[in-house]
Amino acid sequence: MRATSHTFEANARTGLANPILQRALALMQSGFPERRRFAVERLPEFEALRDVGKSIKDHTLEYLDFYLELFEENVVAGDGRVHWARTADEARAAVLQICRSVDAKIVTKGKSMIAEEIGLNEYLEQNGITPVETDLGEYIIQLRHEPPSHLIAPAIHLMKEQVADTFRAEHRALEPGRSLVEARQLCDEARAVLRPQFLAADVGITGANFLVAETGSSIIVTNEGNGDLTQTLPPVHIVMASLEKLVPTLEDAATLLRLLARSATGQEFSTYTTVSTGPRRPDDLDGPEQYHVVLLDNGRSALLGGEFQDMLRCIRCSACMNHCPVYAAVGGHAYGWVYSGPMGAVLTPSLIGVAEAGHLPNASTFCGQCESVCPVKIPLPKLMRHWRGRQFTGKLNPPVYRAGLCLWAWLARRPTLYHALVELASRTLGWLAGDRGRFRTLPLAAGWTAVRDLPAPEGRSFHSLWVERQKAGSRQ
Amino acid sequence: MHVALFVTCLVDFFRPTIGFAAVKLLEAAGCTVEVPRAQTCCGQPAYNSGDRADAKAIALRVLDTFEGYDHVVAPSGSCAGMLRVHYPELFAEDPVVLPRAQRLATRSWELISFLVDVCGMRKVSARWDRAVTYHDACSGLRELGVKDQPRRLLASVGGLTLAELAGAETCCGFGGTFCVKYPDISDKMVGDKQADIVATDAEAVLAGDLGCLLNIAGKLRRHGRQIEVRHVVEVLAGMTEHAPPIGAPR
Amino acid sequence: MSEARQDILLGIRRSLKRGRLDMVREAELREQIASHRRNLVPARAAALGDRGRVDLFVAMAEEVQATVTRVSSPVAVLEEVARYLVAENLPAEIVLAPDPSLDDLPWDERPLLRIRRGRAEAGDAVSLTPCFATIAETGTLMLISGAATPTTLNFLPDTHIVLVHADQVVAAYEDGWDRLRSAGAMPRVVNFITGPSRTGDIEQRIELGAHGPRRLHIILINDRRIAGDGEDK
């Protein structure tokens with residue numbers, strides 16, 4: 001997917017000025033956090049489970065090579081195949097090769113962020129294969145030629161009128177005068193339109209929330225059931241997953257699944273949690289004949305052992321972005337690539353470079369909400385700060401900014417001079433403000449005063465007043 | 001108890017009243033308060049900008065300046081958080097400085113939580129006839145667990161009623177340099193905060209961090225709102241006559 | 001792609017600053033896996049007795065818009081199926097999992113119920129399946145694929161009816177895994193189903209029946225070994 005992260009500021013302004021997006025984001029803000037809170041309150045062990053989830057992931061990452069090999073061993077023992085892909089190119093090629101081997105024309109897809117990451121749909125289309133998104137949100141944005149704006153609710157930026165408009169424009173075979181006012185009608189239409197596609201598909205591609213080393217299984221989590229129809233009906237099932245999706249055992253998966261739905265939508269458990277282990281058995285009446293797992297690196301192995309390793313614990317729940325005030329202000333598209341919100345701010349620079357994605361870890365107040373709701377305790381603000389450190393040492397900030405920081409630090413180590421200057425500035429600004437108590441505008445402070453007044457200082461610094469008070473006190 | 005006041009650069013420059021209110025309450029709690037002259041800034045601007053070298057240099061000065069006190073108290077969750085949570089992180093790889101940073105960390109406190117959790121303060125004698133609401137500044141809340149303590153003390157202020165703010169725990173959009181680097185986003189966030197404040201019908205909004213307060217007051221003033229903005233310690237110390245509300249005319 | 005495989009594994013080891021794990025450590029990890037050690041399991045269902053567990057399962061399942069009817073005999077099961085189809089205005093036509101537990105039901109007493117055994121096809125309206133276990137913790141059905149339990153029955157039809165025996169109700173997912181391991185090799189698929197299909201993708205409003213079944217009806221047969229009430233309908 002082509003990135004527009006470098007135009008984050010403009011993207012953000014567009015998002016802020018979009019009244020439909022703002023309505024949609026307000027709905028999100030009043031929905032997900034409340035539901036998560038309810039689910040968390042119902043499970044007394046939730047906090048303890050966060051620590052367990054974190055340690056399961058940390059352990060797996062520490063031995064990732066072992067678990068990957070064990071996973072492959074078990075997939076192969078179960079008549080499945082594993083395809084290792086270092087890069088997006090290799091992953092795309094692997095998928096194409098499998099599709100070509102069965103002369104595939106139509107491919108149904110369950111939601112996969114990995115597939116977005118490697119631009120799979122465009123690639124398949126270029127090669128004469130039609131990908132059909134089946135997750136309702138993904139289907140809607142596929143019709144609109146838009147990227148996803150959220151990790152689990154890709155069309156969260158839309159209101160139902162826009163969906164209705166899109167369906168009218170794209171479902172041309174249907175009766176033009178039909179009513180599409182209610183969400184119910186839109187869902188029913190999508191169900192009816194997509195059902196024949198499920199049945200006609202030659203290959204089904206899903207993502208994976210988890211890969212289980214113990215059994216060579218892949219786990220998907222949906223509420224719609226589209227992932228299951230995608231993987232059960234066609235003769236070929238391809239699972240696309242990045243390396244860090246591994247967990248050791250089915251018990252470990254159960255622990256993380258307890259955290260996942262609650263953190264994502266506030267559900268106790270997603271409607272369909274499906275554990276797939278290989279192709280159909282000889283006596284099975286349905287199921288795919290081929291089971292392939294494409295394991296994608298695309299920068300993950302490089303994050304191991306480094307200051308960003310914690311990011312690999314992410315289980316793609318979206319709690320961070322659901323609680324992020326910046327995401328709630330600008331929406332997911334502002335981030336300019338596949339991953340948005342706080343997890344996107346950390347992951348995106350590591351996958352596409354900090355030159356392209358540098359704004360993302362900077363557009364944060366470090367309020368810490370994300371970290372406080374992350375089910376696997378990823379220290380997101382700290383990781384964003386690491387990116388800021390990389391930018392600083394790489395001299396990627398504007399020179400004026402660097403000079404300002406340098407000057408401030410220089411002054412801060414010279415208390416006498418510092419105090420004198422603070423007293424001088426305080427008196428000057430206090431005098432300039434007069435009795436008004438604030439500035440409407442102030443040279444050098446345009447960033448502040450563009451949108452708010454600047455309260456005036458009291459006119460004396462605390463330290464100078466304190467010195468006076470001490471002197472007065474000692475005279476008595 | 002021998003306490004050093006960490007004034008904070010914002011209080012020093014913008015609103016000394018907060019510093020004096022802090023001293024008054026600390027002395028009322030039985031502490032002797034010193035204000036080390038050599039202090040300037042905690043280094044957070046450098047730290048959050050990824051300038052670890054400067055942050056460390058400033059932090060070393062702070063470690064020197066605040067050696068030897070029983071406690072170091074700041075009327076700011078973000079500065080106290082810097083000392084308590086981030087200094088050890090800053091020096092995690094430095095075996096010589098780390099113990100000093102850890103010692104300072106365990107002795108560093110946000111002011112209100114110090115008064116309540118360490119000094120055992122349960123009430124104040126101040127009186128302020130206002131309907132107020134309270135904004136939970138992020139660092140104090142999430143890094144230091146400051147939540148109940150200011151509310152407990154506010155409950156003892158004569159004539160004061162507290163209406164909880166919807167989204168009290170949501171960031172106001174200050175975030176240090178964030179508010180000037182991304183002013184549009186910051187404006188949206190503080191606009192939402194303003195709407196929540198207005199919806200409580202409160203006459204005043206209080207918080208424990210001057211950065212938030214400057215941001216909120218600036219927004220309210222820009223929109224012609226008369227809601228008073230003060231640091232919570234000004235109210236608790238009974239010093240609301242000492243200075244006009246933040247951003248308000250004299 | 002074995003070059004990619006080697007590269008990736010090497011890249012991982014390089015990042016972790018070590019070589020391949022030694023045999024001892026690898027054996028230890030394999031042993032840990034084989035021990036199937038449970039992590040922290042919430043007390044919610046584990047603390048309950050048999051009857052409490054069943055009640056919890058029912059309560060949690062109903063919370064997610066599954067419907068549950070309790071019966072106490074196989075005859076009552078078919079009566080309930082017939083009643084449900086009429087009540088929901090559904091045709092008297094079901095596709096059944098070709099499972100012995102369903103075959104044993106007195107179908108010939110219900111000649112007006114048209115049944116077919118096998119996998120589901122497009123156009124099937126109602127399916128009836130057994131289940132492998134149910135998880136009381138979250139009101140979740142655990143179904144496994146097999147010669148007698150084709151997966152399409154769980155997803156293609158608009159209405160999915162599931163027969164649950166009270167002694168299939170376990171407390172937690174971990175109990176389900178234990179039962180599965182005792183039963184033999186991993187099936188192609190394990191479906192954990194918690195309520196009917198739904199989506200919230202349009203304005204965060206939950207709508208049932210996205211792609212999977214719109215209705216999930218659970219018929220819970222009280223096993224004779226568990227004391228408790230079950231009503232004949």
# chains A, B, ... in the order shown; residues from 1 in each chain; ligands from 1
call {"tool": "closest_atom_pairs", "arguments": {"of": "chain A", "to": "chain C", "cutoff": "6 Å", "atoms": "only C-alpha atoms", "output": "tab-separated table"}}
result
residue	atom	partner	partner_atom	distance
A:Asp65	CA	C:Leu9	CA	5.6
A:Trp84	CA	C:Arg5	CA	5.3
A:Arg86	CA	C:Ala4	CA	5.9
A:Gly137	CA	C:Asp201	CA	5.5
A:Ala153	CA	C:Asp201	CA	5.9
A:Met159	CA	C:Glu203	CA	5.9
A:Arg191	CA	C:His211	CA	5.6
A:Asn223	CA	C:Arg198	CA	5.4
A:Glu224	CA	C:Ser197	CA	4.9
A:Gly225	CA	C:Gly212	CA	4.8
A:Asn226	CA	C:His211	CA	5.7
A:Glu251	CA	C:Arg38	CA	5.8
A:Thr271	CA	C:Thr194	CA	4.5
A:Tyr272	CA	C:Ile193	CA	5.0
A:Thr273	CA	C:Phe192	CA	5.0
A:Thr274	CA	C:Asn191	CA	4.7
A:Val275	CA	C:Val190	CA	5.0
A:Ser276	CA	C:Val189	CA	4.5
A:Thr277	CA	C:Arg188	CA	4.8
A:Gly278	CA	C:Arg188	CA	5.7
A:Arg280	CA	C:Arg188	CA	5.9
A:Asp283	CA	C:Ala147	CA	4.9
A:Asp284	CA	C:Ala147	CA	4.4
A:Leu285	CA	C:Pro150	CA	5.6
A:Asp286	CA	C:Pro150	CA	5.8
A:Ser301	CA	C:Ile12	CA	5.0
A:Leu304	CA	C:Ser15	CA	5.4
A:Gly305	CA	C:Leu16	CA	5.0
call {"tool": "write_last_selection", "arguments": {"atoms": "C-alpha atoms", "output": "mmCIF file, in the first residue's frame"}}
result
data_model
loop_
_atom_site.group_PDB
_atom_site.id
_atom_site.type_symbol
_atom_site.label_atom_id
_atom_site.label_comp_id
_atom_site.auth_asym_id
_atom_site.auth_seq_id
_atom_site.Cartn_x
_atom_site.Cartn_y
_atom_site.Cartn_z
ATOM 1 C CA ASP A 65 13.139 -19.391 15.725
ATOM 2 C CA TRP A 84 8.582 -18.342 4.151
ATOM 3 C CA ARG A 86 11.327 -12.319 3.718
ATOM 4 C CA GLY A 137 -16.067 -3.210 6.511
ATOM 5 C CA ALA A 153 -13.412 -1.878 11.931
ATOM 6 C CA MET A 159 -21.778 6.768 8.195
ATOM 7 C CA ARG A 191 -24.846 -10.857 2.722
ATOM 8 C CA ASN A 223 -17.954 -11.843 14.351
ATOM 9 C CA GLU A 224 -19.442 -12.244 10.899
ATOM 10 C CA GLY A 225 -18.431 -15.773 9.978
ATOM 11 C CA ASN A 226 -16.920 -14.520 6.742
ATOM 12 C CA GLU A 251 -3.482 -22.947 26.392
ATOM 13 C CA THR A 271 -18.665 -14.807 17.774
ATOM 14 C CA TYR A 272 -16.425 -17.099 15.720
ATOM 15 C CA THR A 273 -13.041 -18.144 16.997
ATOM 16 C CA THR A 274 -11.748 -20.785 14.622
ATOM 17 C CA VAL A 275 -8.713 -22.999 15.031
ATOM 18 C CA SER A 276 -7.634 -24.489 11.699
ATOM 19 C CA THR A 277 -5.184 -27.340 11.438
ATOM 20 C CA GLY A 278 -4.411 -28.421 7.930
ATOM 21 C CA ARG A 280 -9.659 -31.646 5.074
ATOM 22 C CA ASP A 283 -13.350 -38.658 5.697
ATOM 23 C CA ASP A 284 -14.365 -35.009 5.932
ATOM 24 C CA LEU A 285 -17.347 -33.942 3.856
ATOM 25 C CA ASP A 286 -16.162 -30.378 3.436
ATOM 26 C CA SER A 301 13.055 -10.181 12.709
ATOM 27 C CA LEU A 304 13.887 -8.537 17.784
ATOM 28 C CA GLY A 305 16.575 -7.864 20.335
#
call {"tool": "residues_around", "arguments": {"residues": "Pro111 in chain C", "least_positions_apart": "3", "cutoff": "12 Å", "atoms": "only C-alpha atoms", "output": "PyMOL selection string"}}
result
chain C and resi 78+82+92-93+106-108+114-115
call {"tool": "residues_around", "arguments": {"residues": "range 219-221 of chain C", "least_positions_apart": "3", "cutoff": "12 Å", "atoms": "only C-alpha atoms", "output": "ChimeraX atom specification"}}
result
/C:54-55,57-58,61,66-84,128-131,133-134,141,160-169,216,224-233
call {"tool": "select_by_dssp", "arguments": {"residues": "range 156-247 of chain A", "states": "helix (DSSP H, G or I)", "output": "ChimeraX atom specification"}}
result
/A:160-170,183-200,226-232,243-245
call {"tool": "write_last_selection", "arguments": {"atoms": "C-alpha atoms", "output": "short mmCIF file (atom, residue, chain, number, x, y, z; two decimals), in the first residue's frame"}}
result
data_model
loop_
_atom_site.label_atom_id
_atom_site.label_comp_id
_atom_site.auth_asym_id
_atom_site.auth_seq_id
_atom_site.Cartn_x
_atom_site.Cartn_y
_atom_site.Cartn_z
CA LYS A 160 -24.50 4.55 6.80
CA GLU A 161 -25.56 7.05 4.17
CA GLN A 162 -22.17 6.77 2.55
CA VAL A 163 -22.37 2.99 2.60
CA ALA A 164 -25.79 3.18 1.00
CA ASP A 165 -24.47 5.49 -1.71
CA THR A 166 -21.63 3.08 -2.40
CA PHE A 167 -23.93 0.07 -2.59
CA ARG A 168 -26.25 1.88 -4.98
CA ALA A 169 -23.35 2.82 -7.19
CA GLU A 170 -21.72 -0.60 -7.19
CA ALA A 183 -28.07 -0.69 8.71
CA ARG A 184 -30.13 -3.90 8.65
CA GLN A 185 -30.86 -3.44 4.95
CA LEU A 186 -27.23 -2.73 4.16
CA CYS A 187 -26.11 -5.87 6.00
CA ASP A 188 -28.71 -8.00 4.28
CA GLU A 189 -27.66 -6.68 0.90
CA ALA A 190 -24.00 -7.37 1.55
CA ARG A 191 -24.85 -10.86 2.72
CA ALA A 192 -26.87 -11.55 -0.42
CA VAL A 193 -24.27 -10.09 -2.78
CA LEU A 194 -21.33 -11.87 -1.20
CA ARG A 195 -22.88 -15.31 -0.74
CA PRO A 196 -22.41 -16.33 -4.40
CA GLN A 197 -18.81 -15.11 -4.22
CA PHE A 198 -18.10 -17.33 -1.23
CA LEU A 199 -19.47 -20.27 -3.19
CA ALA A 200 -17.63 -19.43 -6.40
CA ASN A 226 -16.92 -14.52 6.74
CA GLY A 227 -13.51 -15.89 7.65
CA ASP A 228 -15.01 -19.34 8.07
CA LEU A 229 -16.87 -19.30 4.77
CA THR A 230 -13.69 -18.01 3.15
CA GLN A 231 -11.56 -20.84 4.41
CA THR A 232 -14.05 -23.74 4.31
CA LEU A 243 6.23 -14.11 12.26
CA GLU A 244 5.24 -12.67 15.59
CA LYS A 245 1.77 -14.24 15.51
#
call {"tool": "residues_around", "arguments": {"residues": "Ala319 in chain A", "least_positions_apart": "3", "cutoff": "10 Å", "atoms": "only C-alpha atoms", "output": "PyMOL selection string"}}
result
chain A and resi 32-33+36+151-152+260-266+316+322-324+341-343+369-375
call {"tool": "closest_residue", "arguments": {"among": "A:Leu256, A:Ile56, A:Leu432, A:Cys367", "to": "chain B", "atoms": "only C-alpha atoms"}}
result
A:Cys367
call {"tool": "residues_around", "arguments": {"residues": "Asp129 in chain B", "least_positions_apart": "6", "cutoff": "12 Å", "atoms": "only C-alpha atoms", "output": "list in words"}}
result
Leu154, Ser156, Val157, Gly158, Gly159, Leu160, Thr161, Leu162, Ala202, Glu203, Ala204, Val235, Gly238 and Thr240 of chain B
call {"tool": "select_by_dssp", "arguments": {"residues": "range 236-459 of chain A", "states": "strand (DSSP E or B)", "output": "list of chain:residue names"}}
result
A:Val236, A:His237, A:Ile238, A:Val239, A:Met240, A:Ala241, A:Ser242, A:Leu246, A:Val247, A:Tyr272, A:Thr273, A:Thr274, A:Val275, A:Ser276, A:Gln290, A:Tyr291, A:His292, A:Val293, A:Val294, A:Leu295, A:Leu296, A:Arg438, A:Phe439, A:Leu454, A:Pro455
call {"tool": "write_last_selection", "arguments": {"atoms": "N, CA and C atoms", "output": "PDB file, in the first residue's frame"}}
result
ATOM      1  N   VAL A 236      -8.833 -24.368  -1.754  1.00  0.00           N
ATOM      2  CA  VAL A 236      -7.517 -23.968  -1.243  1.00  0.00           C
ATOM      3  C   VAL A 236      -7.677 -22.901  -0.163  1.00  0.00           C
ATOM      4  N   HIS A 237      -6.999 -23.079   0.960  1.00  0.00           N
ATOM      5  CA  HIS A 237      -6.993 -22.073   2.022  1.00  0.00           C
ATOM      6  C   HIS A 237      -5.575 -21.579   2.207  1.00  0.00           C
ATOM      7  N   ILE A 238      -5.386 -20.273   2.086  1.00  0.00           N
ATOM      8  CA  ILE A 238      -4.082 -19.657   2.350  1.00  0.00           C
ATOM      9  C   ILE A 238      -4.194 -18.785   3.599  1.00  0.00           C
ATOM     10  N   VAL A 239      -3.316 -19.018   4.538  1.00  0.00           N
ATOM     11  CA  VAL A 239      -3.241 -18.189   5.748  1.00  0.00           C
ATOM     12  C   VAL A 239      -2.066 -17.242   5.591  1.00  0.00           C
ATOM     13  N   MET A 240      -2.310 -15.956   5.791  1.00  0.00           N
ATOM     14  CA  MET A 240      -1.205 -15.001   5.734  1.00  0.00           C
ATOM     15  C   MET A 240      -0.942 -14.496   7.143  1.00  0.00           C
ATOM     16  N   ALA A 241       0.288 -14.661   7.596  1.00  0.00           N
ATOM     17  CA  ALA A 241       0.586 -14.236   8.965  1.00  0.00           C
ATOM     18  C   ALA A 241       2.028 -13.774   9.066  1.00  0.00           C
ATOM     19  N   SER A 242       2.248 -12.759   9.889  1.00  0.00           N
ATOM     20  CA  SER A 242       3.631 -12.343  10.136  1.00  0.00           C
ATOM     21  C   SER A 242       4.203 -13.185  11.275  1.00  0.00           C
ATOM     22  N   LEU A 246       3.058 -16.123  16.329  1.00  0.00           N
ATOM     23  CA  LEU A 246       3.263 -17.414  16.996  1.00  0.00           C
ATOM     24  C   LEU A 246       2.954 -17.348  18.486  1.00  0.00           C
ATOM     25  N   VAL A 247       2.308 -18.399  18.980  1.00  0.00           N
ATOM     26  CA  VAL A 247       2.254 -18.655  20.417  1.00  0.00           C
ATOM     27  C   VAL A 247       2.571 -20.132  20.596  1.00  0.00           C
ATOM     28  N   TYR A 272     -17.063 -15.926  16.324  1.00  0.00           N
ATOM     29  CA  TYR A 272     -16.425 -17.099  15.720  1.00  0.00           C
ATOM     30  C   TYR A 272     -14.928 -17.066  15.968  1.00  0.00           C
ATOM     31  N   THR A 273     -14.475 -17.968  16.805  1.00  0.00           N
ATOM     32  CA  THR A 273     -13.041 -18.144  16.997  1.00  0.00           C
ATOM     33  C   THR A 273     -12.729 -19.523  16.435  1.00  0.00           C
ATOM     34  N   THR A 274     -11.921 -19.548  15.377  1.00  0.00           N
ATOM     35  CA  THR A 274     -11.748 -20.785  14.622  1.00  0.00           C
ATOM     36  C   THR A 274     -10.294 -21.207  14.599  1.00  0.00           C
ATOM     37  N   VAL A 275     -10.065 -22.449  14.989  1.00  0.00           N
ATOM     38  CA  VAL A 275      -8.713 -22.999  15.031  1.00  0.00           C
ATOM     39  C   VAL A 275      -8.584 -24.001  13.888  1.00  0.00           C
ATOM     40  N   SER A 276      -7.771 -23.652  12.897  1.00  0.00           N
ATOM     41  CA  SER A 276      -7.634 -24.489  11.699  1.00  0.00           C
ATOM     42  C   SER A 276      -6.314 -25.232  11.715  1.00  0.00           C
ATOM     43  N   GLN A 290      -6.299 -28.020   0.208  1.00  0.00           N
ATOM     44  CA  GLN A 290      -4.937 -27.547   0.425  1.00  0.00           C
ATOM     45  C   GLN A 290      -4.930 -26.495   1.533  1.00  0.00           C
ATOM     46  N   TYR A 291      -3.894 -26.561   2.377  1.00  0.00           N
ATOM     47  CA  TYR A 291      -3.743 -25.601   3.474  1.00  0.00           C
ATOM     48  C   TYR A 291      -2.331 -25.042   3.400  1.00  0.00           C
ATOM     49  N   HIS A 292      -2.244 -23.729   3.167  1.00  0.00           N
ATOM     50  CA  HIS A 292      -0.940 -23.081   3.040  1.00  0.00           C
ATOM     51  C   HIS A 292      -0.816 -21.973   4.074  1.00  0.00           C
ATOM     52  N   VAL A 293       0.363 -21.858   4.654  1.00  0.00           N
ATOM     53  CA  VAL A 293       0.613 -20.730   5.549  1.00  0.00           C
ATOM     54  C   VAL A 293       1.773 -19.926   4.979  1.00  0.00           C
ATOM     55  N   VAL A 294       1.530 -18.656   4.699  1.00  0.00           N
ATOM     56  CA  VAL A 294       2.598 -17.769   4.234  1.00  0.00           C
ATOM     57  C   VAL A 294       3.092 -16.990   5.449  1.00  0.00           C
ATOM     58  N   LEU A 295       4.340 -17.252   5.826  1.00  0.00           N
ATOM     59  CA  LEU A 295       4.941 -16.579   6.981  1.00  0.00           C
ATOM     60  C   LEU A 295       5.741 -15.386   6.494  1.00  0.00           C
ATOM     61  N   LEU A 296       5.345 -14.216   6.935  1.00  0.00           N
ATOM     62  CA  LEU A 296       5.977 -13.003   6.438  1.00  0.00           C
ATOM     63  C   LEU A 296       6.874 -12.360   7.493  1.00  0.00           C
ATOM     64  N   ARG A 438      -3.808  38.341  29.419  1.00  0.00           N
ATOM     65  CA  ARG A 438      -3.548  37.326  28.413  1.00  0.00           C
ATOM     66  C   ARG A 438      -3.136  38.021  27.115  1.00  0.00           C
ATOM     67  N   PHE A 439      -2.575  37.209  26.223  1.00  0.00           N
ATOM     68  CA  PHE A 439      -2.197  37.700  24.900  1.00  0.00           C
ATOM     69  C   PHE A 439      -3.082  37.040  23.848  1.00  0.00           C
ATOM     70  N   LEU A 454      -2.846  33.240  25.123  1.00  0.00           N
ATOM     71  CA  LEU A 454      -1.750  32.843  26.010  1.00  0.00           C
ATOM     72  C   LEU A 454      -1.898  33.615  27.311  1.00  0.00           C
ATOM     73  N   PRO A 455      -2.187  32.908  28.431  1.00  0.00           N
ATOM     74  CA  PRO A 455      -2.259  33.615  29.706  1.00  0.00           C
ATOM     75  C   PRO A 455      -0.960  34.356  29.991  1.00  0.00           C
TER      76      PRO A 455
END
call {"tool": "interface_residues", "arguments": {"of": "chain A", "to": "chain B", "cutoff": "6 Å", "atoms": "only C-alpha atoms", "output": "PDB file with N, CA and C atoms, in the first residue's frame"}}
result
ATOM      1  N   THR A 365       0.606  13.282  22.671  1.00  0.00           N
ATOM      2  CA  THR A 365       0.870  14.037  23.888  1.00  0.00           C
ATOM      3  C   THR A 365       1.467  13.143  24.975  1.00  0.00           C
ATOM      4  N   CYS A 367      -0.133  10.947  26.550  1.00  0.00           N
ATOM      5  CA  CYS A 367      -1.103  10.926  27.652  1.00  0.00           C
ATOM      6  C   CYS A 367      -1.121   9.572  28.343  1.00  0.00           C
ATOM      7  N   ARG A 385       8.809   7.587  21.938  1.00  0.00           N
ATOM      8  CA  ARG A 385       9.931   8.429  22.348  1.00  0.00           C
ATOM      9  C   ARG A 385      11.237   7.914  21.743  1.00  0.00           C
ATOM     10  N   ARG A 388      11.454   9.321  18.405  1.00  0.00           N
ATOM     11  CA  ARG A 388      11.851  10.726  18.461  1.00  0.00           C
ATOM     12  C   ARG A 388      13.360  10.830  18.699  1.00  0.00           C
ATOM     13  N   GLY A 389      13.890   9.910  19.530  1.00  0.00           N
ATOM     14  CA  GLY A 389      15.336   9.867  19.755  1.00  0.00           C
ATOM     15  C   GLY A 389      16.089   9.576  18.476  1.00  0.00           C
ATOM     16  N   PHE A 392      16.111  12.584  16.436  1.00  0.00           N
ATOM     17  CA  PHE A 392      16.977  13.626  16.956  1.00  0.00           C
ATOM     18  C   PHE A 392      18.428  13.339  16.613  1.00  0.00           C
ATOM     19  N   ALA A 409      18.428  23.688  26.926  1.00  0.00           N
ATOM     20  CA  ALA A 409      19.241  22.804  27.758  1.00  0.00           C
ATOM     21  C   ALA A 409      20.483  23.525  28.275  1.00  0.00           C
ATOM     22  N   ALA A 412      19.370  25.798  31.010  1.00  0.00           N
ATOM     23  CA  ALA A 412      18.892  25.063  32.185  1.00  0.00           C
ATOM     24  C   ALA A 412      20.042  24.596  33.067  1.00  0.00           C
ATOM     25  N   PRO A 415      22.009  28.093  36.209  1.00  0.00           N
ATOM     26  CA  PRO A 415      20.892  28.630  36.995  1.00  0.00           C
ATOM     27  C   PRO A 415      20.908  30.159  37.148  1.00  0.00           C
ATOM     28  N   SER A 426       9.614  37.420  32.468  1.00  0.00           N
ATOM     29  CA  SER A 426       8.363  37.499  33.213  1.00  0.00           C
ATOM     30  C   SER A 426       7.932  38.953  33.388  1.00  0.00           C
ATOM     31  N   ASP A 435      -3.211  44.912  32.181  1.00  0.00           N
ATOM     32  CA  ASP A 435      -4.229  44.328  33.048  1.00  0.00           C
ATOM     33  C   ASP A 435      -5.043  43.251  32.341  1.00  0.00           C
ATOM     34  N   ARG A 436      -4.726  43.006  31.076  1.00  0.00           N
ATOM     35  CA  ARG A 436      -5.598  42.131  30.298  1.00  0.00           C
ATOM     36  C   ARG A 436      -5.478  40.675  30.720  1.00  0.00           C
ATOM     37  N   GLY A 437      -4.302  40.332  31.253  1.00  0.00           N
ATOM     38  CA  GLY A 437      -4.137  38.972  31.751  1.00  0.00           C
ATOM     39  C   GLY A 437      -3.836  37.927  30.700  1.00  0.00           C
ATOM     40  N   ARG A 438      -3.808  38.341  29.419  1.00  0.00           N
ATOM     41  CA  ARG A 438      -3.548  37.326  28.413  1.00  0.00           C
ATOM     42  C   ARG A 438      -3.136  38.021  27.115  1.00  0.00           C
ATOM     43  N   GLY A 447       2.150  29.344  16.989  1.00  0.00           N
ATOM     44  CA  GLY A 447       1.611  27.994  17.106  1.00  0.00           C
ATOM     45  C   GLY A 447       0.593  27.900  18.229  1.00  0.00           C
ATOM     46  N   TRP A 448       0.845  28.628  19.300  1.00  0.00           N
ATOM     47  CA  TRP A 448      -0.074  28.623  20.434  1.00  0.00           C
ATOM     48  C   TRP A 448      -1.252  29.538  20.163  1.00  0.00           C
ATOM     49  N   ARG A 452      -5.583  29.611  20.626  1.00  0.00           N
ATOM     50  CA  ARG A 452      -6.001  29.951  21.987  1.00  0.00           C
ATOM     51  C   ARG A 452      -5.222  31.172  22.476  1.00  0.00           C
ATOM     52  N   ASP A 453      -5.731  31.825  23.497  1.00  0.00           N
ATOM     53  CA  ASP A 453      -5.008  32.940  24.110  1.00  0.00           C
ATOM     54  C   ASP A 453      -3.842  32.379  24.916  1.00  0.00           C
ATOM     55  N   LEU A 454      -2.846  33.240  25.123  1.00  0.00           N
ATOM     56  CA  LEU A 454      -1.750  32.843  26.010  1.00  0.00           C
ATOM     57  C   LEU A 454      -1.898  33.615  27.311  1.00  0.00           C
ATOM     58  N   PRO A 455      -2.187  32.908  28.431  1.00  0.00           N
ATOM     59  CA  PRO A 455      -2.259  33.615  29.706  1.00  0.00           C
ATOM     60  C   PRO A 455      -0.960  34.356  29.991  1.00  0.00           C
ATOM     61  N   PRO A 457       2.091  35.955  32.237  1.00  0.00           N
ATOM     62  CA  PRO A 457       2.720  35.627  33.512  1.00  0.00           C
ATOM     63  C   PRO A 457       2.364  36.686  34.562  1.00  0.00           C
ATOM     64  N   GLU A 458       2.555  36.347  35.825  1.00  0.00           N
ATOM     65  CA  GLU A 458       2.189  37.268  36.905  1.00  0.00           C
ATOM     66  C   GLU A 458       3.086  38.498  36.940  1.00  0.00           C
ATOM     67  N   SER A 461       9.163  36.369  38.689  1.00  0.00           N
ATOM     68  CA  SER A 461       9.394  34.925  38.736  1.00  0.00           C
ATOM     69  C   SER A 461       9.281  34.441  40.176  1.00  0.00           C
ATOM     70  N   PHE A 462       8.982  33.172  40.331  1.00  0.00           N
ATOM     71  CA  PHE A 462       8.876  32.639  41.692  1.00  0.00           C
ATOM     72  C   PHE A 462      10.204  32.793  42.430  1.00  0.00           C
TER      73      PHE A 462
END
call {"tool": "closest_residue", "arguments": {"among": "A:Ile315, A:Ala328, A:Ile352, A:Leu43", "to": "Asn298 in chain A", "atoms": "only C-alpha atoms"}}
result
A:Ile352
